[in-house]
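Student: Questions regarding the structure given below will be posed in turn.
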Amino acid sequence: MNKYQRQTILPQVGINGQQKLAEARVLIVGAGGLGCALLPYLAAAGIGNLGIVDGDQVEESNLHRQILYTPKNIGEHKVEAAKTFLKAQQPELHCTAYTEYLSGENALDLFKEYDIIIDATDRIEVRYLINDAAVLTNKPVVYGSIHRFEGQVSVFNYENGPTYRCLFPKAVEVPSCEEAGVLGTSVGLIGMLQAAEVLKIILETGNVLSGELLIYNTLTATQDRFKFKKNENIQITQESFNAAHKNNYSPKVSFSIDLLVNGILVDVRTKEEQPRIANASVLEIPLQELNRKVQDFESSKDYYFFCQSGARALQAVRLLKEHKHINAKALTEGAAQLQKLITTASV
Amino acid sequence: MEITLKYFGQLVDVMGTHEETRPVDCSTTLALLEQLKKNNAISHIPFQLAINQKLIDQDEAVSLHDGDVIALLPPYAGG
């Protein structure tokens, strides 16, 4: 244990803490700038099991900030090159390299194998995927992201705490490092802050950055912290996960006026909700009454469900799944949008 | 009433500064947001609002007070 003597003499670590590190299982999503910064420190600290997921190969333009790779690694899978580095650094490490991208198909199974997930990706939609899969598998997420000289760090879903969706509810378009540019030191610093959070979670010490967003600016050498709360209205379910992240799962379609040729729109909201859509092709069946109305559906028609946000429409489609004769799909649009589309189309 | 606006991420590039203190004639965050979004350069950038280091629900009208620090926080993607 001489190797870890300088950290086990810390009362916050000790022999017990070292044992916790050895038993810990941490999954890193992304072997780019953030991943390269935090991986060697996590391995060096004695974390026993590291998984790395990334389908990318090393490119020359990565080398200025992705310090685990050398020009010899160009063209190689990042996760393979990272694993080689980490195994040389720490021979007893169990390191699993997944040469694939995280997707709606593999995320849940992968997350189940680990205790902590690190979000070190560079794409906003993957951040939502990580968040949702972590909520469903009940794992904390140590989050880091970069815009030029600024980095954000937080810990999501820690002991049932706030998640990425509580901070940024909607998926939006945001530039990546490739588009915005970045210095290696900025990404290195944020990766190191993430690594520190991972160690605190495993060692059960200090204040974990849950319910707080830390923003560090390397250009001004300043940091800001913002508190945020759990949004209890946000529910992540297997159904919402499938709809958001599984490619081949598309019970949702976009409305076009052609759908009305052989289709019927079904409004599953309660009768009080506005706006109402006055059109001969709209059937009003509140979700609660759907089971009692199954015999009203004809196999020769296509039914398109809608509500306010789309959540109940998806629920309706799921409820009707067992009735194979009903052709049911949910519409991407909510009532307000549909009203506009239908009004425009009939003018 | 004077408030301080702090910009982050893409908003720094668009506004050309990290921070500015300026007089405002609006009494709630809703009115402030409406004013801010009149600036075409930022209207397409998504962000969350924090008052004095606490995130608020943007659909709620939160009263503003003299000396408040309002942060505009966009999501970042890079890594």
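A note on labels: chains of the structure tokens are A, B, ... as shown, every chain counts residues from 1, and ligands are counted from 1 in their shown order.
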For A:Gln89, list every protein, DNA or RNA residue within 10 Å, evaluated using only C-alpha atoms, and leave out those in the same chain fewer than 4 positions away; present the list as an MDAnalysis selection string.
Tutor: chainID A and resid 40 43:44 83:85 93
Student: Any idea what's packed within 10 Å of B:Phe8, counting only C-alpha atoms, ignoring anything in its chain fewer than 2 positions away? Could you give it as a list in words?
Tutor: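 What passes the distance filter is His147, Glu150, Gly151, Ile215 and Asn217 of chain A; Lys6, Gln10, Leu11, Val12, Asp13, Val14, Met15, Thr17, His18, Glu19, Phe47, Ala71, Leu72, Leu73, Pro74, Pro75 and Tyr76 of chain B.
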Student: Taking 3 positions as the minimum chain separation for residues in the same chain, which residues sit within 10 Å of stretch 325-336 of chain A when counting only C-alpha atoms? Answer as a PyMOL selection string.
Tutor: chain A and resi 250-256+263-267+269+273-277+294-295+297-322+339-341
Student: Which residue gives the smallest distance to chain B among A:Ala97, A:Leu10, A:Ala24, A:Ala180, with only C-alpha atoms counted?
Tutor: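 The answer is A:Ala180, which sits nearest to chain B.
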Student: Name all residues at most 12 Å from B:Glu34 (count only C-alpha atoms; drop same-chain ones fewer than 6 positions away) and give them as a PDB file with N, CA, C and O atoms, in the first residue's frame.
Tutor:
ATOM      1  N   CYS B  26     -37.881  48.109 -15.412  1.00  0.00           N
ATOM      2  CA  CYS B  26     -38.836  47.006 -15.258  1.00  0.00           C
ATOM      3  C   CYS B  26     -38.749  46.464 -13.829  1.00  0.00           C
ATOM      4  O   CYS B  26     -37.690  46.449 -13.223  1.00  0.00           O
ATOM      5  N   SER B  27     -39.891  45.993 -13.326  1.00  0.00           N
ATOM      6  CA  SER B  27     -39.920  45.589 -11.920  1.00  0.00           C
ATOM      7  C   SER B  27     -39.875  44.063 -11.740  1.00  0.00           C
ATOM      8  O   SER B  27     -39.682  43.585 -10.635  1.00  0.00           O
ATOM      9  N   THR B  28     -40.064  43.287 -12.831  1.00  0.00           N
ATOM     10  CA  THR B  28     -40.004  41.828 -12.689  1.00  0.00           C
ATOM     11  C   THR B  28     -39.061  41.220 -13.728  1.00  0.00           C
ATOM     12  O   THR B  28     -38.713  41.855 -14.717  1.00  0.00           O
ATOM     13  N   ASN B  40     -31.804  41.334 -30.978  1.00  0.00           N
ATOM     14  CA  ASN B  40     -31.825  40.187 -31.901  1.00  0.00           C
ATOM     15  C   ASN B  40     -30.640  39.255 -31.730  1.00  0.00           C
ATOM     16  O   ASN B  40     -30.742  38.062 -31.946  1.00  0.00           O
ATOM     17  N   ILE B  42     -29.196  38.195 -29.128  1.00  0.00           N
ATOM     18  CA  ILE B  42     -29.299  37.172 -28.082  1.00  0.00           C
ATOM     19  C   ILE B  42     -30.620  36.402 -28.122  1.00  0.00           C
ATOM     20  O   ILE B  42     -30.781  35.418 -27.419  1.00  0.00           O
ATOM     21  N   SER B  43     -31.554  36.848 -28.958  1.00  0.00           N
ATOM     22  CA  SER B  43     -32.879  36.224 -28.925  1.00  0.00           C
ATOM     23  C   SER B  43     -32.838  34.745 -29.318  1.00  0.00           C
ATOM     24  O   SER B  43     -33.690  33.967 -28.909  1.00  0.00           O
ATOM     25  N   GLN B  58     -38.199  30.694 -15.386  1.00  0.00           N
ATOM     26  CA  GLN B  58     -38.345  31.839 -16.286  1.00  0.00           C
ATOM     27  C   GLN B  58     -39.793  32.204 -16.568  1.00  0.00           C
ATOM     28  O   GLN B  58     -40.075  33.292 -17.048  1.00  0.00           O
ATOM     29  N   ASP B  59     -40.706  31.270 -16.309  1.00  0.00           N
ATOM     30  CA  ASP B  59     -42.114  31.575 -16.569  1.00  0.00           C
ATOM     31  C   ASP B  59     -42.749  32.350 -15.410  1.00  0.00           C
ATOM     32  O   ASP B  59     -43.872  32.802 -15.511  1.00  0.00           O
ATOM     33  N   ALA B  61     -42.944  35.506 -12.681  1.00  0.00           N
ATOM     34  CA  ALA B  61     -42.542  36.906 -12.541  1.00  0.00           C
ATOM     35  C   ALA B  61     -41.926  37.097 -11.159  1.00  0.00           C
ATOM     36  O   ALA B  61     -42.626  37.085 -10.162  1.00  0.00           O
TER      37      ALA B  61
END
Student: Return the single residue from A:Lys3, A:Arg292, A:Arg127, A:Arg25 that is closest to chain B, with distances computed using only C-alpha atoms.
Tutor: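 Between A:Lys3, A:Arg292, A:Arg127, A:Arg25, the residue approaching chain B most closely is A:Arg127.
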Student: Could you make a table, as CSV, of the residues of chain B that have an atom within 7 Å of an atom of chain A, each with its nearest atom pair and distance in Å to one decimal, counting only C-alpha atoms, in chain and number order?
Tutor:
residue,atom,partner,partner_atom,distance
B:Gly9,CA,A:His147,CA,5.7
B:Gln53,CA,A:Phe226,CA,4.5
B:Lys54,CA,A:Lys227,CA,4.8
B:Leu55,CA,A:Phe228,CA,5.2
B:Pro75,CA,A:Phe168,CA,6.9
B:Tyr76,CA,A:His147,CA,5.5
B:Ala77,CA,A:Ser176,CA,5.1
B:Gly78,CA,A:Asp122,CA,4.3
B:Gly79,CA,A:Asp122,CA,4.4
Student: In terms of the shortest atom-to-atom distance over only C-alpha atoms, which of B:Thr21, B:Leu36, B:Tyr7, B:Ala50 is closest to B:Gly67?
Tutor: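 Selected residue with least distance to B:Gly67: B:Thr21.
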Student: Which residues are near A:Gln235? Cut-off 12 Å, only C-alpha atoms, ignore same chain within fewer than 2 positions. Put them as number ranges by chain.
Tutor: A: 131-132, 135-136, 162-163, 165-166, 169, 230-233, 237-241, 311
Student: Can you tell me how far atom CA of A:Gly75 sits from atom CA of A:Glu105, in Å to one decimal?
Tutor: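 Pair atom CA of A:Gly75 / atom CA of A:Glu105 returns 25.8 Å.
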Student: Distance atom CA of A:Leu260-atom CA of A:Gln288, one decimal place?
Tutor: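 A separation of 24.6 Å between them.
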Student: Enumerate the residues of chain B with a DSSP assignment of alpha helix (DSSP H), computed from the backbone, and present them as a list in words.
Tutor: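 Result set for chain B (alpha helix (DSSP H)): Gln10, Leu11, Val12, Asp13, Val14, Met15, Thr29, Leu30, Ala31, Leu32, Leu33, Glu34, Gln35, Leu36, Asn40, Ala41, Ile42 and Ser43 of chain B.
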Student: Identify which of the residues A:Leu189, A:Leu203, A:Ile67, A:Ile52 lies closest to A:Glu80, counting only C-alpha atoms when measuring atom-to-atom distances.
Tutor: A:Ile52
Student: Measuring between only C-alpha atoms, which one of A:Asp109, A:Glu60, A:Glu92, A:Asp296 shows the shortest distance to A:Ala133?
Tutor: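 Answer, going by the shortest atom-to-atom distance: A:Asp109.
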Student: Which distance in Å separates atom CA of A:Leu338 and atom CA of B:Gln48, to one decimal?
Tutor: 27.4 Å
Student: Between B:Pro23, B:Asp66, B:Asn39, B:Leu30, which is the closest to B:Asn52 once you count only C-alpha atoms?
Tutor: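 Using only C-alpha atoms, B:Asn52 sits closest to B:Asp66.
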Student: Would you mind writing down, as a list in words, each residue of chain B that DSSP on the backbone assigns to strand (DSSP E or B)?
Tutor: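 Those residues are Glu2, Ile3, Thr4, Leu5, Lys6, Tyr7, Glu19, Glu20, Thr21, Arg22, Pro23, Thr28, Gln48, Leu49, Ala50, Ile51, Lys54, Leu55, Ser63, Val69, Ile70, Ala71, Leu72, Leu73 and Gly78 of chain B.
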